[in-house]
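Shown next: work_26.txt, given as compact mmCIF, C-alpha atoms.
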```
# COMPACT_ATOMS: atom_id res chain seq x y z
CA MET Y 1 -27.30 74.26 27.70
CA SER Y 2 -30.24 72.43 26.10
CA VAL Y 3 -33.47 71.73 27.96
CA CYS Y 4 -32.72 68.02 27.73
CA LYS Y 5 -29.26 68.45 29.24
CA VAL Y 6 -30.64 70.64 31.99
CA ALA Y 7 -33.27 67.99 32.75
CA ALA Y 8 -30.58 65.32 32.88
CA VAL Y 9 -28.42 67.34 35.25
CA LEU Y 10 -31.34 68.08 37.51
CA PHE Y 11 -32.34 64.42 37.57
CA LEU Y 12 -28.85 63.28 38.44
CA ALA Y 13 -28.65 65.89 41.17
CA ALA Y 14 -32.00 64.93 42.68
CA LEU Y 15 -33.69 61.61 42.03
CA VAL Y 16 -36.93 63.12 43.29
CA ALA Y 17 -37.17 65.32 40.18
CA GLY Y 18 -40.79 66.20 39.53
CA PRO Y 19 -42.96 66.02 36.43
CA ALA Y 20 -41.43 69.19 34.96
CA HIS Y 21 -38.12 67.37 34.47
CA ALA Y 22 -39.51 64.11 33.11
CA GLN Y 23 -40.18 63.49 29.44
CA PHE Y 24 -43.11 62.14 27.46
CA ILE Y 25 -42.44 58.98 25.46
CA THR Y 26 -43.35 58.62 21.80
CA ALA Y 27 -43.56 55.54 19.56
CA ASN Y 28 -42.43 54.89 16.02
CA SER Y 29 -41.89 51.87 13.80
CA LYS Y 30 -38.52 51.19 15.40
CA GLY Y 31 -39.47 51.54 19.05
CA PHE Y 32 -39.87 54.26 21.67
CA THR Y 33 -38.06 57.58 22.14
CA ASP Y 34 -38.08 60.33 24.73
CA SER Y 35 -38.69 63.98 23.89
CA CYS Y 36 -34.95 64.51 23.42
CA GLY Y 37 -34.85 61.88 20.69
CA ASN Y 38 -33.12 59.21 22.77
CA ASP Y 39 -34.16 55.59 22.44
CA TYR Y 40 -36.30 54.63 25.43
CA THR Y 41 -35.86 51.09 26.74
CA PHE Y 42 -37.11 49.65 29.97
CA ALA Y 43 -37.45 46.78 32.36
CA GLY Y 44 -40.61 46.64 34.42
CA PHE Y 45 -43.31 44.89 36.40
CA ASP Y 46 -47.08 44.37 36.62
CA VAL Y 47 -48.98 44.89 39.88
CA TRP Y 48 -52.59 44.22 40.83
CA ARG Y 49 -54.33 46.03 43.70
CA LEU Y 50 -51.78 48.83 43.69
CA LEU Y 51 -54.48 51.44 44.31
CA GLU Y 52 -55.40 49.58 47.47
CA ALA Y 53 -51.76 49.37 48.59
CA ALA Y 54 -51.21 53.10 48.01
CA ALA Y 55 -54.46 53.92 49.84
CA GLY Y 56 -53.36 52.00 52.94
CA ILE Y 57 -55.49 48.94 52.22
CA ASN Y 58 -53.78 45.58 51.91
CA GLY Y 59 -52.40 45.15 48.43
CA PRO Y 60 -50.10 42.84 46.43
CA GLY Y 61 -48.11 40.29 48.38
CA ASN Y 62 -49.19 41.61 51.81
CA PRO Y 63 -45.59 41.95 53.04
CA SER Y 64 -45.08 41.59 56.77
CA SER Y 65 -44.08 44.50 59.01
CA SER Y 66 -40.57 43.07 59.24
CA GLU Y 67 -40.31 42.99 55.45
CA LEU Y 68 -41.64 46.54 55.17
CA ASN Y 69 -39.04 47.72 57.70
CA GLY Y 70 -40.79 51.06 58.21
CA LEU Y 71 -41.83 51.58 54.58
CA ASP Y 72 -45.42 51.62 53.41
CA THR Y 73 -46.36 48.95 50.87
CA LEU Y 74 -46.04 51.25 47.86
CA ASP Y 75 -42.53 52.43 48.73
CA TYR Y 76 -41.58 48.86 49.63
CA LEU Y 77 -42.64 47.59 46.18
CA PHE Y 78 -41.00 50.47 44.36
CA THR Y 79 -37.79 50.07 46.36
CA LYS Y 80 -37.69 46.38 45.43
CA ALA Y 81 -38.34 47.27 41.80
CA SER Y 82 -35.60 49.90 41.77
CA ALA Y 83 -33.12 47.45 43.27
CA ALA Y 84 -33.87 45.10 40.37
CA ASN Y 85 -33.45 47.91 37.80
CA LEU Y 86 -37.14 47.90 36.90
CA THR Y 87 -38.16 51.26 35.43
CA TRP Y 88 -41.57 50.57 33.87
CA LEU Y 89 -44.77 49.73 35.74
CA ARG Y 90 -48.05 48.38 34.40
CA PHE Y 91 -50.85 48.70 36.91
CA PHE Y 92 -54.62 48.59 36.98
CA GLY Y 93 -56.15 52.03 37.48
CA VAL Y 94 -59.17 50.31 39.00
CA ALA Y 95 -59.87 48.57 42.29
CA ASP Y 96 -60.39 44.87 42.89
CA ASP Y 97 -62.58 43.67 45.75
CA ASP Y 98 -63.81 40.56 43.93
CA GLY Y 99 -63.90 37.54 46.22
CA GLY Y 100 -64.36 39.63 49.35
CA LEU Y 101 -61.02 41.47 49.16
CA PRO Y 102 -61.04 44.75 51.08
CA GLY Y 103 -61.15 48.08 49.31
CA GLY Y 104 -64.30 48.47 47.26
CA PRO Y 105 -64.57 49.95 43.76
CA LEU Y 106 -62.88 53.16 42.63
CA GLN Y 107 -66.11 54.18 40.88
CA THR Y 108 -68.90 53.44 43.34
CA ALA Y 109 -71.69 54.54 40.97
CA PRO Y 110 -71.65 56.23 37.56
CA GLY Y 111 -69.62 59.41 38.04
CA GLN Y 112 -69.12 58.87 41.79
CA TYR Y 113 -65.71 57.92 43.16
CA ASN Y 114 -64.03 56.57 46.28
CA GLU Y 115 -61.71 59.49 47.09
CA GLN Y 116 -59.51 57.36 49.35
CA LEU Y 117 -58.65 55.13 46.41
CA PHE Y 118 -58.29 58.09 44.04
CA VAL Y 119 -55.79 59.66 46.43
CA GLY Y 120 -54.00 56.31 46.35
CA PHE Y 121 -53.95 56.66 42.54
CA ASP Y 122 -52.43 60.14 43.01
CA LYS Y 123 -49.81 58.75 45.36
CA ILE Y 124 -48.68 56.11 42.88
CA ILE Y 125 -48.15 58.66 40.13
CA ALA Y 126 -46.48 61.13 42.49
CA ALA Y 127 -43.99 58.45 43.61
CA LEU Y 128 -42.88 57.45 40.11
CA PRO Y 129 -40.08 59.99 39.52
CA LYS Y 130 -38.47 59.21 42.88
CA TYR Y 131 -37.80 55.69 41.60
CA ASN Y 132 -37.24 56.61 37.91
CA ILE Y 133 -40.34 54.64 36.90
CA LYS Y 134 -42.89 55.34 34.19
CA ALA Y 135 -46.36 53.79 34.34
CA SER Y 136 -48.69 52.24 31.80
CA ILE Y 137 -52.18 52.41 33.28
CA VAL Y 138 -55.06 50.03 32.50
CA LEU Y 139 -58.35 51.95 32.42
CA ILE Y 140 -60.79 49.04 32.87
CA ASP Y 141 -60.65 45.25 33.31
CA PHE Y 142 -62.67 42.76 31.28
CA TRP Y 143 -62.50 40.08 33.96
CA LYS Y 144 -63.44 41.74 37.22
CA GLN Y 145 -66.84 42.72 38.53
CA THR Y 146 -65.33 45.60 40.48
CA ASP Y 147 -64.76 48.57 38.13
CA GLY Y 148 -65.03 46.07 35.28
CA VAL Y 149 -67.22 45.24 32.30
CA GLN Y 150 -69.83 43.40 34.38
CA GLN Y 151 -70.23 46.42 36.65
CA TYR Y 152 -70.79 48.67 33.66
CA LEU Y 153 -73.33 46.25 32.26
CA ALA Y 154 -75.20 46.36 35.58
CA TRP Y 155 -75.36 50.15 35.27
CA CYS Y 156 -76.22 50.45 31.60
CA ALA Y 157 -77.81 47.21 30.44
CA GLY Y 158 -79.76 45.60 33.26
CA ASN Y 159 -77.16 43.05 34.40
CA THR Y 160 -77.02 41.19 31.11
CA SER Y 161 -74.13 38.74 30.84
CA ASP Y 162 -73.75 39.47 27.11
CA VAL Y 163 -70.43 41.33 26.97
CA SER Y 164 -71.07 42.41 23.38
CA VAL Y 165 -73.61 44.87 24.80
CA PHE Y 166 -70.82 46.72 26.59
CA TYR Y 167 -68.98 47.15 23.30
CA SER Y 168 -72.04 48.08 21.22
CA SER Y 169 -74.34 50.01 23.56
CA SER Y 170 -74.04 53.78 23.28
CA ALA Y 171 -75.14 54.06 26.92
CA CYS Y 172 -72.39 51.69 28.09
CA ASN Y 173 -69.83 53.38 25.87
CA GLN Y 174 -70.74 56.75 27.32
CA LEU Y 175 -70.25 55.55 30.89
CA TYR Y 176 -66.80 54.28 29.93
CA PHE Y 177 -65.94 57.52 28.12
CA ASN Y 178 -67.10 59.54 31.13
CA HIS Y 179 -64.83 57.51 33.39
CA VAL Y 180 -61.88 57.97 31.04
CA THR Y 181 -62.52 61.70 30.97
CA THR Y 182 -62.56 61.81 34.78
CA VAL Y 183 -59.30 59.90 35.11
CA LEU Y 184 -57.37 61.78 32.42
CA ASN Y 185 -58.50 65.17 33.71
CA ARG Y 186 -57.87 64.28 37.37
CA VAL Y 187 -55.56 66.83 39.00
CA ASN Y 188 -53.17 65.01 41.32
CA THR Y 189 -53.79 66.14 44.90
CA ILE Y 190 -50.08 65.69 45.70
CA THR Y 191 -48.32 67.14 42.62
CA GLY Y 192 -51.02 69.50 41.32
CA VAL Y 193 -50.50 68.09 37.80
CA ALA Y 194 -53.37 66.66 35.74
CA TYR Y 195 -52.83 63.04 34.80
CA LYS Y 196 -53.05 63.95 31.09
CA ASN Y 197 -50.12 66.35 31.56
CA ASP Y 198 -47.87 64.14 33.68
CA PRO Y 199 -44.84 62.81 31.77
CA ASN Y 200 -44.21 60.16 34.42
CA ILE Y 201 -47.13 58.29 32.85
CA PHE Y 202 -46.02 56.18 29.88
CA GLY Y 203 -49.50 55.67 28.47
CA TRP Y 204 -53.01 54.24 28.72
CA GLU Y 205 -54.41 50.76 28.03
CA ILE Y 206 -58.03 50.84 26.89
CA ILE Y 207 -59.11 47.58 28.52
CA ASN Y 208 -57.36 44.56 29.98
CA GLU Y 209 -57.90 41.45 27.84
CA PRO Y 210 -61.19 42.23 26.08
CA ARG Y 211 -63.00 39.20 24.67
CA CYS Y 212 -66.34 38.14 23.28
CA ILE Y 213 -66.07 34.61 24.67
CA ALA Y 214 -64.62 34.69 28.17
CA GLY Y 215 -63.72 31.08 28.94
CA ALA Y 216 -61.87 28.37 27.08
CA THR Y 217 -63.69 26.98 24.09
CA SER Y 218 -63.57 23.70 22.23
CA GLY Y 219 -61.06 25.17 19.80
CA THR Y 220 -63.69 25.35 17.07
CA GLU Y 221 -66.17 27.74 18.71
CA GLN Y 222 -66.10 31.21 17.18
CA ALA Y 223 -67.17 34.51 18.69
CA PRO Y 224 -70.22 35.98 16.92
CA ALA Y 225 -69.18 38.23 14.06
CA SER Y 226 -71.40 40.96 15.48
CA CYS Y 227 -69.43 40.96 18.74
CA VAL Y 228 -66.07 40.90 16.94
CA GLN Y 229 -67.12 44.00 15.01
CA ALA Y 230 -68.57 45.66 18.12
CA LEU Y 231 -65.29 45.10 19.97
CA GLN Y 232 -63.32 46.56 17.06
CA THR Y 233 -65.58 49.61 16.91
CA PHE Y 234 -65.31 50.09 20.67
CA ILE Y 235 -61.50 49.96 20.54
CA ASP Y 236 -61.39 52.53 17.75
CA LYS Y 237 -63.83 54.87 19.53
CA ALA Y 238 -62.10 54.50 22.88
CA ALA Y 239 -58.67 55.25 21.40
CA ALA Y 240 -60.05 58.32 19.63
CA HIS Y 241 -61.71 59.51 22.84
CA ILE Y 242 -58.49 59.19 24.83
CA LYS Y 243 -56.53 61.07 22.17
CA SER Y 244 -59.16 63.82 22.06
CA ILE Y 245 -58.34 64.58 25.71
CA ASP Y 246 -54.71 63.54 26.00
CA LYS Y 247 -52.30 63.87 23.10
CA ASN Y 248 -49.26 63.56 25.37
CA HIS Y 249 -49.44 59.87 26.17
CA LEU Y 250 -49.28 56.61 24.26
CA VAL Y 251 -52.34 54.40 23.82
CA THR Y 252 -52.64 50.66 23.30
CA VAL Y 253 -55.44 48.10 23.56
CA GLY Y 254 -54.27 45.88 26.44
CA GLU Y 255 -55.34 42.57 24.90
CA GLU Y 256 -53.82 39.11 24.94
CA GLY Y 257 -53.13 39.29 21.22
CA PHE Y 258 -55.14 36.42 19.72
CA PHE Y 259 -55.08 36.52 15.94
CA ASP Y 260 -58.07 36.60 13.61
CA THR Y 261 -59.05 32.99 12.99
CA SER Y 262 -59.18 33.60 9.25
CA GLY Y 263 -55.93 35.57 9.08
CA GLN Y 264 -52.30 34.91 8.21
CA TYR Y 265 -51.26 34.00 11.74
CA GLU Y 266 -54.29 31.92 12.76
CA SER Y 267 -52.13 28.86 13.33
CA ALA Y 268 -50.20 30.68 16.07
CA ASN Y 269 -53.28 30.90 18.33
CA PRO Y 270 -53.64 28.62 21.32
CA ARG Y 271 -56.39 26.24 20.23
CA ALA Y 272 -58.52 26.54 23.37
CA VAL Y 273 -59.10 30.29 23.16
CA GLN Y 274 -58.54 31.15 19.52
CA GLY Y 275 -62.18 32.14 18.90
CA SER Y 276 -62.33 34.72 21.70
CA GLY Y 277 -63.16 37.63 19.39
CA GLN Y 278 -59.81 39.42 19.33
CA SER Y 279 -58.09 40.25 16.06
CA PHE Y 280 -54.57 41.40 16.90
CA GLU Y 281 -53.80 43.14 13.62
CA ASN Y 282 -57.16 44.87 13.21
CA ASN Y 283 -57.37 45.80 16.89
CA HIS Y 284 -54.07 47.70 16.68
CA LYS Y 285 -54.55 49.24 13.23
CA SER Y 286 -56.07 52.59 14.24
CA ALA Y 287 -53.82 55.63 13.98
CA ASN Y 288 -54.86 56.40 17.57
CA ILE Y 289 -53.20 53.17 18.75
CA ASP Y 290 -49.52 53.95 19.17
CA TYR Y 291 -48.07 50.53 19.85
CA ALA Y 292 -49.14 46.89 19.88
CA SER Y 293 -49.28 44.83 23.06
CA MET Y 294 -49.72 41.16 23.82
CA HIS Y 295 -49.77 38.67 26.71
CA LEU Y 296 -48.51 35.12 27.13
CA TRP Y 297 -49.90 32.60 29.64
CA PRO Y 298 -48.95 29.09 28.46
CA ASP Y 299 -50.65 27.33 31.40
CA ASN Y 300 -53.65 29.63 31.77
CA TRP Y 301 -54.54 29.19 28.09
CA ASN Y 302 -54.14 25.45 27.93
CA ASN Y 303 -54.07 22.29 30.03
CA PRO Y 304 -51.52 20.72 29.84
CA ILE Y 305 -49.15 23.67 29.63
CA LEU Y 306 -48.22 24.80 26.14
CA PRO Y 307 -44.65 23.88 25.10
CA MET Y 308 -41.84 26.41 24.86
CA SER Y 309 -41.96 26.12 21.09
CA PHE Y 310 -45.41 27.78 21.30
CA ASP Y 311 -43.93 30.70 23.25
CA ASP Y 312 -41.21 31.22 20.66
CA ALA Y 313 -43.64 31.19 17.74
CA TRP Y 314 -46.16 33.37 19.60
CA ILE Y 315 -43.57 36.10 20.14
CA SER Y 316 -42.05 35.83 16.66
CA ASP Y 317 -45.41 36.00 14.87
CA HIS Y 318 -46.44 39.05 16.88
CA GLU Y 319 -43.15 40.71 16.07
CA ALA Y 320 -43.80 40.12 12.37
CA ALA Y 321 -47.39 41.35 12.61
CA SER Y 322 -46.46 44.48 14.55
CA THR Y 323 -43.64 45.25 12.14
CA ALA Y 324 -46.16 45.08 9.29
CA LEU Y 325 -48.34 47.52 11.23
CA GLY Y 326 -45.35 49.84 11.63
CA LYS Y 327 -45.66 49.82 15.42
CA PRO Y 328 -43.44 48.61 18.28
CA LEU Y 329 -44.58 45.61 20.29
CA VAL Y 330 -44.78 45.19 24.06
CA LEU Y 331 -45.20 41.77 25.67
CA SER Y 332 -46.91 43.31 28.66
CA GLU Y 333 -47.83 40.17 30.61
CA PHE Y 334 -46.40 36.72 30.72
CA GLY Y 335 -46.11 34.13 33.39
CA ILE Y 336 -46.67 30.72 34.87
CA GLN Y 337 -49.12 30.47 37.76
CA CYS Y 338 -47.00 29.09 40.58
CA LEU Y 339 -49.48 29.61 43.39
CA ASN Y 340 -48.74 30.13 47.09
CA GLY Y 341 -45.01 30.49 46.58
CA ASN Y 342 -44.60 26.94 45.21
CA SER Y 343 -40.80 26.84 44.99
CA SER Y 344 -40.77 23.54 43.10
CA CYS Y 345 -43.03 24.99 40.41
CA GLN Y 346 -40.87 28.10 40.20
CA THR Y 347 -37.67 26.11 39.79
CA SER Y 348 -38.84 23.31 37.51
CA THR Y 349 -41.49 25.03 35.40
CA ARG Y 350 -41.64 28.81 35.65
CA ASN Y 351 -37.99 29.84 35.54
CA PRO Y 352 -37.12 27.72 32.46
CA TYR Y 353 -40.04 29.35 30.62
CA PHE Y 354 -38.85 32.80 31.64
CA SER Y 355 -35.32 32.02 30.50
CA ASP Y 356 -36.62 30.79 27.16
CA ILE Y 357 -38.72 33.91 26.61
CA TYR Y 358 -35.77 36.17 27.35
CA GLN Y 359 -33.70 34.32 24.74
CA VAL Y 360 -36.22 34.34 21.90
CA GLU Y 361 -34.95 36.03 18.74
CA THR Y 362 -31.96 38.31 19.22
CA TYR Y 363 -31.72 38.80 22.94
CA ASP Y 364 -30.53 37.11 26.06
CA ILE Y 365 -31.44 39.06 29.19
CA GLN Y 366 -29.90 38.38 32.55
CA VAL Y 367 -32.48 39.36 35.15
CA PRO Y 368 -31.45 39.70 38.81
CA SER Y 369 -32.70 36.74 40.82
CA SER Y 370 -34.51 39.12 43.17
CA THR Y 371 -37.11 39.62 40.47
CA PHE Y 372 -38.10 35.96 40.60
CA THR Y 373 -39.19 35.81 44.24
CA GLY Y 374 -40.93 37.82 46.93
CA PRO Y 375 -44.00 40.03 47.02
CA ILE Y 376 -43.02 41.97 43.92
CA THR Y 377 -43.51 38.85 41.82
CA ALA Y 378 -46.74 37.81 43.50
CA ALA Y 379 -48.51 38.05 40.16
CA GLY Y 380 -46.00 35.65 38.64
CA GLN Y 381 -45.58 37.44 35.34
CA PHE Y 382 -42.90 39.10 33.32
CA VAL Y 383 -43.00 41.52 30.42
CA ALA Y 384 -40.76 42.28 27.44
CA THR Y 385 -40.53 44.72 24.56
CA LYS Y 386 -38.87 44.57 21.16
CA ASN Y 387 -37.30 47.02 18.73
CA GLN Y 388 -35.24 48.93 21.29
CA LEU Y 389 -31.74 49.91 20.23
CA CYS Y 390 -29.94 50.68 23.48
CA PRO Y 391 -30.53 50.33 27.22
CA ALA Y 392 -31.92 53.10 29.37
CA PRO Y 393 -29.81 54.18 32.35
CA ASN Y 394 -29.67 51.45 35.01
CA ALA Y 395 -31.58 48.97 32.82
CA PRO Y 396 -30.41 45.37 32.45
CA SER Y 397 -27.86 44.78 29.70
CA LEU Y 398 -29.62 44.36 26.36
CA ALA Y 399 -28.57 43.05 23.00
CA PRO Y 400 -29.52 45.18 19.94
CA GLY Y 401 -33.12 44.52 18.94
CA ALA Y 402 -34.95 44.29 22.23
CA ALA Y 403 -35.58 45.53 25.72
CA VAL Y 404 -37.06 43.59 28.56
CA GLN Y 405 -39.57 44.20 31.27
CA ALA Y 406 -39.59 41.86 34.23
CA ALA Y 407 -42.77 41.95 36.14
CA GLY Y 408 -44.58 41.29 39.35
```
As structure tokens, the full file:
Amino acid sequence: MSVCKVAAVLFLAALVAGPAHAQFITANSKGFTDSCGNDYTFAGFDVWRLLEAAAGINGPGNPSSSELNGLDTLDYLFTKASAANLTWLRFFGVADDDGGLPGGPLQTAPGQYNEQLFVGFDKIIAALPKYNIKASIVLIDFWKQTDGVQQYLAWCAGNTSDVSVFYSSSACNQLYFNHVTTVLNRVNTITGVAYKNDPNIFGWEIINEPRCIAGATSGTEQAPASCVQALQTFIDKAAAHIKSIDKNHLVTVGEEGFFDTSGQYESANPRAVQGSGQSFENNHKSANIDYASMHLWPDNWNNPILPMSFDDAWISDHEAASTALGKPLVLSEFGIQCLNGNSSCQTSTRNPYFSDIYQVETYDIQVPSSTFTGPITAAGQFVATKNQLCPAPNAPSLAPGAAVQAAG
């Protein structure tokens, strides 16, 4: 019996199969495959403050004790995800105590770590096989002070607000590389497996939504060419550094996917943020970047909300650009910000957008209604991938050409 068949039998016999029975995922021009050569498709969810939840600090959604029904928050979220056939998780491998939230940073000072949160990190990864979930892990966030770019700048550049310094400074780069090295080489205190060797991890995202210009612009403002180049150089160096340590896992950028303002797809950009400094095609060109990723926030990027026709073109143009790059594409965040459980917003605005996104191009995904409400969708975003040929076990029914990831 082949190793792959043995692994399958063991998994069916025990859903708690450990890392030894899981498989690393690879990418090619047509999509993703497992180590047995099977097409890998997935449905999934995004979660903020998952480290805090796993460490016993209040996390996403703050479910009540009656909702938890004896489960801890992590198992509660994963149980909800499993019930909705969600098998792919994107989470931030950093803490978030911005705005006075409890928890504190994962990295308290250069090279010094909050072990409670790191054990929470371990717990997340250790729990993945129990729920048949793989995780894409974001290594740093552009937006947050905690464990984010501004914190690094405080350590390496005297609290400057010029984000280009983070991308260009060798001192800042080294702090980031040191952190990446620590995370990838971390030996899980629960499983005994180093993160870089754990096949329950799908891959690594270099940085969440890197920009040169943070806020909305006039639509004509352009990021300085020096920062655009510094960002590109940083992405290339970061991807190479990750691959030098970990050749098992996939790597992507983690950006929103804005196109170069002088490129073929410039007209697809949302006007308000088109000059942010990203260049989707160039940013994903490196051989050390395995797949392209993008986000979609039609209300966050524009007021009033961008029309559905923008969503359709945004996805289609990124599909064309990623096909030209010879890499699969993951729409790893999308959503409408219906705050505080606004049911009217969800019904009249958010759900129609979600339905439209699921029907773009060749696919029409029916997502269980449980994925639209409750703590697991507290982030209000969904995610989709293209170029998948067949559904993974227990995934939602997919038409040829795409897989979907529904997110929280």
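Restricting the calculation to all atoms listed in the file, the smallest distance between Y:Ser170 and any of Y:Val187, Y:Ala320, Y:Leu250, Y:Ala230 is found for Y:Ala230.
Closest approach to Y:Leu296 among Y:Glu256, Y:Ala313, Y:Ala239, Y:Lys327 is made by Y:Glu256 (distances from all atoms listed in the file).
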Which residues of stretch 272-297 of chain Y come within 12 Å of stretch 29-51 of chain Y, and for each one, what is the closest pair of atoms and their distance in Å to one decimal, counting only C-alpha atoms, sorted by chain and residue number, as JSON lines?
```
{"residue": "Y:Asp290", "atom": "CA", "partner": "Y:Ser29", "partner_atom": "CA", "distance": 9.6}
{"residue": "Y:Tyr291", "atom": "CA", "partner": "Y:Gly31", "partner_atom": "CA", "distance": 8.7}
{"residue": "Y:Ala292", "atom": "CA", "partner": "Y:Ser29", "partner_atom": "CA", "distance": 10.7}
{"residue": "Y:His295", "atom": "CA", "partner": "Y:Asp46", "partner_atom": "CA", "distance": 11.7}
```
**OP:** Name all residues at most 12 Å from Y:Gln145 (count all atoms listed in the file; drop same-chain ones fewer than 4 positions away) and give them as an MDAnalysis selection string.
**Re:** chainID Y and resid 94:100 104:108 140:141 149:155 159 161
Subject >> Nearest to Y:Met294 by atom-to-atom distance, counting all atoms listed in the file, from Y:His179, Y:Asn208, Y:Leu231, Y:Ala214 >> reply: Y:Asn208
Original post:
For the atom pair atom CA of Y:Gln278 and atom CA of Y:Trp204, what is the interatomic distance in Å to one decimal place?
Top reply: 18.8 Å
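Proximity ranking of Y:Glu281, Y:Glu67, Y:Asp122, Y:Asp236 relative to Y:Ile201 places Y:Asp122 first, based on all atoms listed in the file.
Between atom CA of Y:Gly203 and atom CA of Y:Ile137 the interatomic distance comes to 6.4 Å.
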Subject >> Within-9 Å shell of (-50.5, 61.9, 44.4) in input frame, all atoms listed in the file, as a list in words >> reply: Phe118, Val119, Gly120, Phe121, Asp122, Lys123, Ile124, Ile125, Ala126, Ala127, Val187, Asn188, Thr189, Ile190, Thr191 and Gly192 of chain Y
Just-selected residues, C-alpha atoms written as a short mmCIF file (atom, residue, chain, number, x, y, z; two decimals), keeping the file's coordinate frame:
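Below is the file that was written, part-v8.cif:
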```cif
data_model
loop_
_atom_site.label_atom_id
_atom_site.label_comp_id
_atom_site.auth_asym_id
_atom_site.auth_seq_id
_atom_site.Cartn_x
_atom_site.Cartn_y
_atom_site.Cartn_z
CA PHE Y 118 -58.29 58.09 44.04
CA VAL Y 119 -55.79 59.66 46.43
CA GLY Y 120 -54.00 56.31 46.35
CA PHE Y 121 -53.95 56.66 42.54
CA ASP Y 122 -52.43 60.14 43.01
CA LYS Y 123 -49.81 58.75 45.36
CA ILE Y 124 -48.68 56.11 42.88
CA ILE Y 125 -48.15 58.66 40.13
CA ALA Y 126 -46.48 61.13 42.49
CA ALA Y 127 -43.99 58.45 43.61
CA VAL Y 187 -55.56 66.83 39.00
CA ASN Y 188 -53.17 65.01 41.32
CA THR Y 189 -53.79 66.14 44.90
CA ILE Y 190 -50.08 65.69 45.70
CA THR Y 191 -48.32 67.14 42.62
CA GLY Y 192 -51.02 69.50 41.32
#
```
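Nearest-residue note for Y:Glu333: choosing from Y:Gly148, Y:Thr181, Y:Ala272, Y:Phe91, the minimum distance belongs to Y:Phe91, counting all atoms listed in the file.
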Original post:
So, counting only C-alpha atoms, which residue among Y:Cys227, Y:Ala321, Y:Val193, Y:Ile245 is closest to Y:Phe259?
Top reply: Y:Ala321
Please write out, as lines of an AutoDock Vina configuration file, where the centre of an axis-aligned box around all listed atoms of stretch 136-150 of chain Y lies and how long its edges are, in Å to one decimal, after adding 5 Å on each side.
```
center_x = -59.3
center_y = 46.2
center_z = 35.9
size_x = 31.1
size_y = 22.3
size_z = 19.2
```
Subject >> Separation of atom CA of Y:Ser293 from atom CA of Y:Ser244 in Å >> reply: 21.4 Å
Contact residues around Y:Ile357 with all atoms listed in the file at 8 Å, ignoring same-chain residues under 3 positions, as a compact mmCIF listing (two decimals) with C-alpha atoms, keeping the file's coordinate frame:
```
# COMPACT_ATOMS: atom_id res chain seq x y z
CA ASP Y 311 -43.93 30.70 23.25
CA ASP Y 312 -41.21 31.22 20.66
CA TYR Y 353 -40.04 29.35 30.62
CA PHE Y 354 -38.85 32.80 31.64
CA VAL Y 360 -36.22 34.34 21.90
```
